[in-house]
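Trainee: For reference, the file data36.cif (mmCIF, C-alpha atoms) is included below:
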```cif
data_query
#
loop_
_atom_site.group_PDB
_atom_site.id
_atom_site.type_symbol
_atom_site.label_atom_id
_atom_site.label_comp_id
_atom_site.auth_asym_id
_atom_site.auth_seq_id
_atom_site.Cartn_x
_atom_site.Cartn_y
_atom_site.Cartn_z
ATOM 1 C CA MET L 12 -95.619 -11.371 -88.144
ATOM 2 C CA ALA L 13 -96.206 -13.044 -84.810
ATOM 3 C CA ALA L 14 -98.132 -16.311 -84.802
ATOM 4 C CA SER L 15 -100.620 -15.045 -82.233
ATOM 5 C CA GLY L 16 -101.418 -11.962 -84.286
ATOM 6 C CA ALA L 17 -100.594 -9.668 -81.362
ATOM 7 C CA PRO L 18 -97.996 -6.961 -81.958
ATOM 8 C CA ARG L 19 -94.643 -7.462 -80.270
ATOM 9 C CA SER L 20 -93.922 -5.187 -77.338
ATOM 10 C CA ARG L 21 -91.349 -2.430 -77.573
ATOM 11 C CA ARG L 22 -89.215 -4.220 -74.961
ATOM 12 C CA ARG L 23 -89.074 -7.352 -77.105
ATOM 13 C CA ARG L 24 -88.252 -5.438 -80.291
ATOM 14 C CA VAL L 25 -85.435 -3.474 -78.642
ATOM 15 C CA GLY L 26 -84.238 -6.574 -76.796
ATOM 16 C CA ALA L 27 -84.113 -8.628 -79.989
ATOM 17 C CA ALA L 28 -82.179 -5.847 -81.728
ATOM 18 C CA LEU L 29 -79.673 -5.605 -78.855
ATOM 19 C CA LEU L 30 -79.315 -9.380 -78.725
ATOM 20 C CA GLY L 31 -78.700 -9.609 -82.457
ATOM 21 C CA ALA L 32 -76.224 -6.722 -82.426
ATOM 22 C CA GLY L 33 -74.345 -8.251 -79.493
ATOM 23 C CA LEU L 34 -74.062 -11.686 -81.085
ATOM 24 C CA LEU L 35 -73.017 -10.129 -84.391
ATOM 25 C CA ALA L 36 -70.354 -8.063 -82.608
ATOM 26 C CA VAL L 37 -68.930 -11.122 -80.829
ATOM 27 C CA LEU L 38 -68.843 -13.176 -84.025
ATOM 28 C CA THR L 39 -67.380 -10.309 -86.096
ATOM 29 C CA ALA L 40 -64.596 -9.830 -83.542
ATOM 30 C CA GLY L 41 -63.149 -13.191 -84.565
ATOM 31 C CA ALA L 42 -62.119 -11.695 -87.905
ATOM 32 C CA LEU L 43 -60.390 -8.679 -86.350
ATOM 33 C CA PRO L 44 -57.088 -8.510 -84.454
ATOM 34 C CA ALA L 45 -57.516 -8.942 -80.710
ATOM 35 C CA TRP L 46 -54.244 -7.476 -79.440
ATOM 36 C CA ARG L 47 -51.694 -5.106 -80.928
ATOM 37 C CA THR L 48 -48.031 -5.002 -79.864
ATOM 38 C CA VAL L 49 -45.634 -2.505 -81.412
ATOM 39 C CA TYR L 50 -41.909 -3.212 -81.796
ATOM 40 C CA PRO L 51 -39.347 -0.921 -83.477
ATOM 41 C CA ASP L 52 -39.270 -3.038 -86.627
ATOM 42 C CA ARG L 53 -42.782 -4.557 -86.751
ATOM 43 C CA VAL L 54 -46.317 -4.598 -85.385
ATOM 44 C CA ALA L 55 -47.556 -7.929 -83.979
ATOM 45 C CA LEU L 56 -51.293 -8.587 -84.134
ATOM 46 C CA ASP L 57 -52.878 -11.466 -82.209
ATOM 47 C CA PRO L 58 -55.842 -12.953 -84.092
ATOM 48 C CA GLY L 59 -59.332 -12.411 -82.734
ATOM 49 C CA SER L 60 -60.160 -16.089 -83.204
ATOM 50 C CA GLN L 61 -58.106 -16.819 -80.067
ATOM 51 C CA LEU L 62 -60.408 -14.510 -78.122
ATOM 52 C CA LEU L 63 -63.569 -16.262 -79.333
ATOM 53 C CA TRP L 64 -62.774 -19.419 -77.359
ATOM 54 C CA LEU L 65 -63.086 -17.363 -74.188
ATOM 55 C CA ALA L 66 -65.898 -14.990 -75.137
ATOM 56 C CA LEU L 67 -68.261 -17.185 -77.156
ATOM 57 C CA PRO L 68 -69.345 -19.529 -74.313
ATOM 58 C CA TRP L 69 -69.993 -16.507 -72.063
ATOM 59 C CA ALA L 70 -71.961 -14.787 -74.834
ATOM 60 C CA LEU L 71 -74.050 -17.906 -75.422
ATOM 61 C CA VAL L 72 -74.916 -18.272 -71.718
ATOM 62 C CA CYS L 73 -75.840 -14.581 -71.523
ATOM 63 C CA GLY L 74 -77.836 -14.942 -74.735
ATOM 64 C CA LEU L 75 -79.786 -17.909 -73.401
ATOM 65 C CA VAL L 76 -80.726 -15.993 -70.251
ATOM 66 C CA ALA L 77 -81.630 -12.916 -72.320
ATOM 67 C CA VAL L 78 -83.888 -14.939 -74.624
ATOM 68 C CA VAL L 79 -85.727 -16.449 -71.652
ATOM 69 C CA ALA L 80 -86.083 -12.983 -70.091
ATOM 70 C CA LEU L 81 -87.466 -11.579 -73.352
ATOM 71 C CA VAL L 82 -89.920 -14.421 -73.977
ATOM 72 C CA ARG L 83 -91.379 -14.691 -70.461
ATOM 73 C CA VAL L 84 -94.350 -12.473 -69.642
ATOM 74 C CA ASP L 85 -95.463 -13.952 -66.329
ATOM 75 C CA PRO L 86 -94.152 -12.955 -62.873
ATOM 76 C CA SER L 87 -91.075 -15.178 -63.292
ATOM 77 C CA ARG L 88 -89.795 -12.665 -65.847
ATOM 78 C CA SER L 89 -88.493 -10.474 -63.034
ATOM 79 C CA LEU L 90 -86.276 -13.343 -61.870
ATOM 80 C CA TRP L 91 -84.784 -13.787 -65.352
ATOM 81 C CA ARG L 92 -84.394 -10.016 -65.724
ATOM 82 C CA ASP L 93 -82.482 -9.923 -62.431
ATOM 83 C CA VAL L 94 -80.267 -12.810 -63.569
ATOM 84 C CA SER L 95 -79.581 -10.922 -66.779
ATOM 85 C CA ARG L 96 -78.717 -7.780 -64.782
ATOM 86 C CA GLY L 97 -76.316 -9.838 -62.680
ATOM 87 C CA LEU L 98 -74.674 -11.166 -65.843
ATOM 88 C CA LEU L 99 -74.414 -7.600 -67.152
ATOM 89 C CA ILE L 100 -72.677 -6.418 -63.979
ATOM 90 C CA SER L 101 -70.444 -9.505 -63.987
ATOM 91 C CA THR L 102 -69.513 -8.872 -67.606
ATOM 92 C CA VAL L 103 -68.501 -5.304 -66.845
ATOM 93 C CA LEU L 104 -66.411 -6.286 -63.831
ATOM 94 C CA VAL L 105 -64.852 -9.488 -65.187
ATOM 95 C CA GLY L 106 -64.340 -8.177 -68.728
ATOM 96 C CA GLY L 107 -62.666 -5.028 -67.470
ATOM 97 C CA ALA L 108 -60.551 -6.880 -64.915
ATOM 98 C CA LEU L 109 -59.371 -9.533 -67.388
ATOM 99 C CA THR L 110 -58.532 -6.941 -70.019
ATOM 100 C CA ALA L 111 -56.631 -4.829 -67.486
ATOM 101 C CA ALA L 112 -54.761 -7.848 -66.104
ATOM 102 C CA TRP L 113 -53.811 -9.052 -69.601
ATOM 103 C CA TRP L 114 -52.703 -5.539 -70.511
ATOM 104 C CA TYR L 115 -50.518 -5.311 -67.401
ATOM 105 C CA LEU L 116 -48.996 -8.761 -67.944
ATOM 106 C CA SER L 117 -48.317 -8.008 -71.604
ATOM 107 C CA ALA L 118 -46.691 -4.691 -70.802
ATOM 108 C CA THR L 119 -44.395 -6.207 -68.169
ATOM 109 C CA ASP L 120 -43.510 -9.417 -70.039
ATOM 110 C CA PRO L 121 -39.695 -9.713 -69.825
ATOM 111 C CA TYR L 122 -39.420 -11.510 -73.176
ATOM 112 C CA ARG L 123 -41.304 -8.786 -74.960
ATOM 113 C CA LEU L 124 -39.269 -6.124 -73.193
ATOM 114 C CA GLU L 125 -36.055 -7.841 -74.356
ATOM 115 C CA ASP L 126 -37.331 -7.493 -77.912
ATOM 116 C CA ASP L 127 -37.652 -3.717 -77.335
ATOM 117 C CA MET L 128 -41.441 -3.664 -77.245
ATOM 118 C CA MET L 129 -42.625 -0.084 -77.531
ATOM 119 C CA SER L 130 -46.313 -0.473 -76.665
ATOM 120 C CA THR L 131 -49.108 -2.981 -76.323
ATOM 121 C CA ARG L 132 -52.864 -2.504 -76.219
ATOM 122 C CA PRO L 133 -56.192 -4.132 -77.016
ATOM 123 C CA ALA L 134 -57.137 -3.996 -80.673
ATOM 124 C CA ALA L 135 -60.539 -3.710 -82.334
ATOM 125 C CA GLY L 136 -61.446 -7.377 -81.773
ATOM 126 C CA THR L 137 -61.127 -7.126 -77.996
ATOM 127 C CA LEU L 138 -63.180 -3.944 -77.839
ATOM 128 C CA LEU L 139 -65.854 -5.427 -80.096
ATOM 129 C CA VAL L 140 -66.077 -8.592 -77.970
ATOM 130 C CA LEU L 141 -66.463 -6.501 -74.813
ATOM 131 C CA LEU L 142 -69.181 -4.406 -76.446
ATOM 132 C CA GLY L 143 -71.004 -7.492 -77.714
ATOM 133 C CA CYS L 144 -70.804 -9.214 -74.341
ATOM 134 C CA LEU L 145 -72.366 -6.112 -72.772
ATOM 135 C CA LEU L 146 -75.190 -5.777 -75.288
ATOM 136 C CA ILE L 147 -76.336 -9.392 -74.910
ATOM 137 C CA PRO L 148 -77.236 -9.339 -71.176
ATOM 138 C CA LEU L 149 -78.504 -5.770 -71.566
ATOM 139 C CA ALA L 150 -81.161 -7.184 -73.907
ATOM 140 C CA GLY L 151 -82.527 -9.366 -71.107
ATOM 141 C CA ALA L 152 -82.265 -6.675 -68.446
ATOM 142 C CA LEU L 153 -84.610 -4.219 -70.157
ATOM 143 C CA PRO L 154 -87.493 -3.004 -67.984
ATOM 144 C CA ASP L 155 -91.101 -3.931 -68.722
ATOM 145 C CA ASP L 156 -93.144 -1.734 -71.012
ATOM 146 C CA PRO L 157 -95.225 0.778 -69.070
ATOM 147 C CA SER L 158 -98.891 -0.154 -69.029
ATOM 148 C CA PRO L 159 -101.338 2.514 -70.181
ATOM 149 C CA GLY L 160 -103.388 2.038 -67.012
ATOM 150 C CA ARG L 161 -100.503 2.699 -64.621
ATOM 151 C CA GLY L 162 -100.070 6.149 -63.167
ATOM 152 C CA SER L 163 -96.629 7.697 -62.836
#
```
How would this structure read if it were set down as structure tokens?
Mentor:
Amino acid sequence: MAASGAPRSRRRRVGAALLGAGLLAVLTAGALPAWRTVYPDRVALDPGSQLLWLALPWALVCGLVAVVALVRVDPSRSLWRDVSRGLLISTVLVGGALTAAWWYLSATDPYRLEDDMMSTRPAAGTLLVLLGCLLIPLAGALPDDPSPGRGS
């Protein structure tokens, strides 16, 4: 129950749920494999804990901005919502570009090719980190609740 006695807005409830799910996804990804490389005689899995050193600071910055955007109710909320939208767009572009670049570099690595590498791809940890890093700024970018007095 809120200290002020007022019910929480739908935006704050959904935002808190998205924020919690995103942080849980990022932290859970540390226990899963981040990258999977298949050789004729074995499958190499890179641990997800290596990925956390890159993703956790970004998730915490996005989370801080999302919390401020969810808590603010005055006109400065639109500024924090726009910052959160910018972080969301940046996460999509940078996360996709880094994953694609790592995938390309892994697939063309001459040492791995000498070992007869058959395939390489992101594993569940990488996909979960990307999902979590998208949910966190999405929580802060949610639009305001429609007021009952506003016409559509």
Trainee: Can you work out which one of L:Gly74, L:Arg132, L:Leu116, L:Ser101 has the shortest atom-to-atom distance to Leu29 in chain L, counting only C-alpha atoms?
Mentor: L:Gly74
Trainee: Hey, which of L:Ala40, L:Leu138, L:Val25, L:Val78 ends up closest to Gly151 in chain L? Count all atoms listed in the file.
Mentor: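 With all atoms listed in the file as the atom set, the closest residue is L:Val78.
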Trainee: Name every residue that the PyMOL selection byres ((chain L and resi 106) around 10) selects in this structure, writing the answer as a VMD selection string with chains first and numbers rising.
Mentor: chain L and resid 66 100 to 105 107 to 112 137 140 to 142 144 to 145
Trainee: Under the rule that only C-alpha atoms are counted, which of L:Ala36, L:Leu30, L:Ala55, L:Leu43 is the nearest residue to Ala80 in chain L?
Mentor: L:Leu30
Trainee: Work out how far apart CA of Leu67 in chain L and CA of Leu139 in chain L are and give it in Å to one decimal.
Mentor: 12.4 Å
Trainee: Closest to Ala45 in chain L among L:Ser87, L:Thr119, L:Ser95, L:Thr131, using all atoms listed in the file?
Mentor: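 That would be L:Thr131, the residue with the smallest distance to Ala45 in chain L.
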Trainee: So, counting all atoms listed in the file, which residue among L:Leu81, L:Ala118, L:Leu56, L:Ala42 is closest to Pro154 in chain L?
Mentor: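 Closest residue, counting all atoms listed in the file: L:Leu81.
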Trainee: With only C-alpha atoms as the atoms that count, which of L:Ala77, L:Ala27, L:Leu38, L:Val49 lies nearest to Leu99 in chain L?
Mentor: L:Ala77
Trainee: Residues at most 10 Å from Ser130 in chain L, counting all atoms listed in the file, excluding those fewer than 4 positions away in the same chain, as a VMD selection string?
Mentor: chain L and resid 47 to 51 54 117 to 118 123 to 124
Trainee: Those same residues - C-alpha atoms - I'd like them written as a compact mmCIF listing (two decimals), keeping the file's coordinate frame.
Mentor:
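Okay, again26.txt is ready:
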```txt
# COMPACT_ATOMS: atom_id res chain seq x y z
CA ARG L 47 -51.69 -5.11 -80.93
CA THR L 48 -48.03 -5.00 -79.86
CA VAL L 49 -45.63 -2.50 -81.41
CA TYR L 50 -41.91 -3.21 -81.80
CA PRO L 51 -39.35 -0.92 -83.48
CA VAL L 54 -46.32 -4.60 -85.38
CA SER L 117 -48.32 -8.01 -71.60
CA ALA L 118 -46.69 -4.69 -70.80
CA ARG L 123 -41.30 -8.79 -74.96
CA LEU L 124 -39.27 -6.12 -73.19
```
Trainee: How far is it from CA of Gly31 in chain L to CA of Trp114 in chain L, in Å with one decimal?
Mentor: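 Rounded to one decimal, the two atoms are 28.9 Å apart.
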Trainee: One decimal, Å: what's the distance from CA of Ala28 in chain L over to CA of Ser89 in chain L, could you say?
Mentor: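 Distance between the two atoms: 20.3 Å.
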Trainee: Starting from the shown file, work through the PyMOL selection byres ((chain L and resi 41) around 8) and note down what comes out as a ChimeraX atom specification.
Mentor: /L:37-40,42-44,58-63,136
Trainee: Could you write out as a ChimeraX atom specification the residues that the PyMOL selection byres ((chain L and resi 84) around 12) matches in the shown file?
Mentor: /L:19-20,22-23,78-83,85-92,154-156
Trainee: Would you compute an axis-aligned box for range 142-154 of chain L, covering every atom listed for it in the file with 5 Å of margin on each side, and report centre and edge lengths in Å to one decimal as JSON?
Mentor:
```
{"center_x": -78.3, "center_y": -6.2, "center_z": -72.8, "size_x": 28.3, "size_y": 16.4, "size_z": 19.7}
```
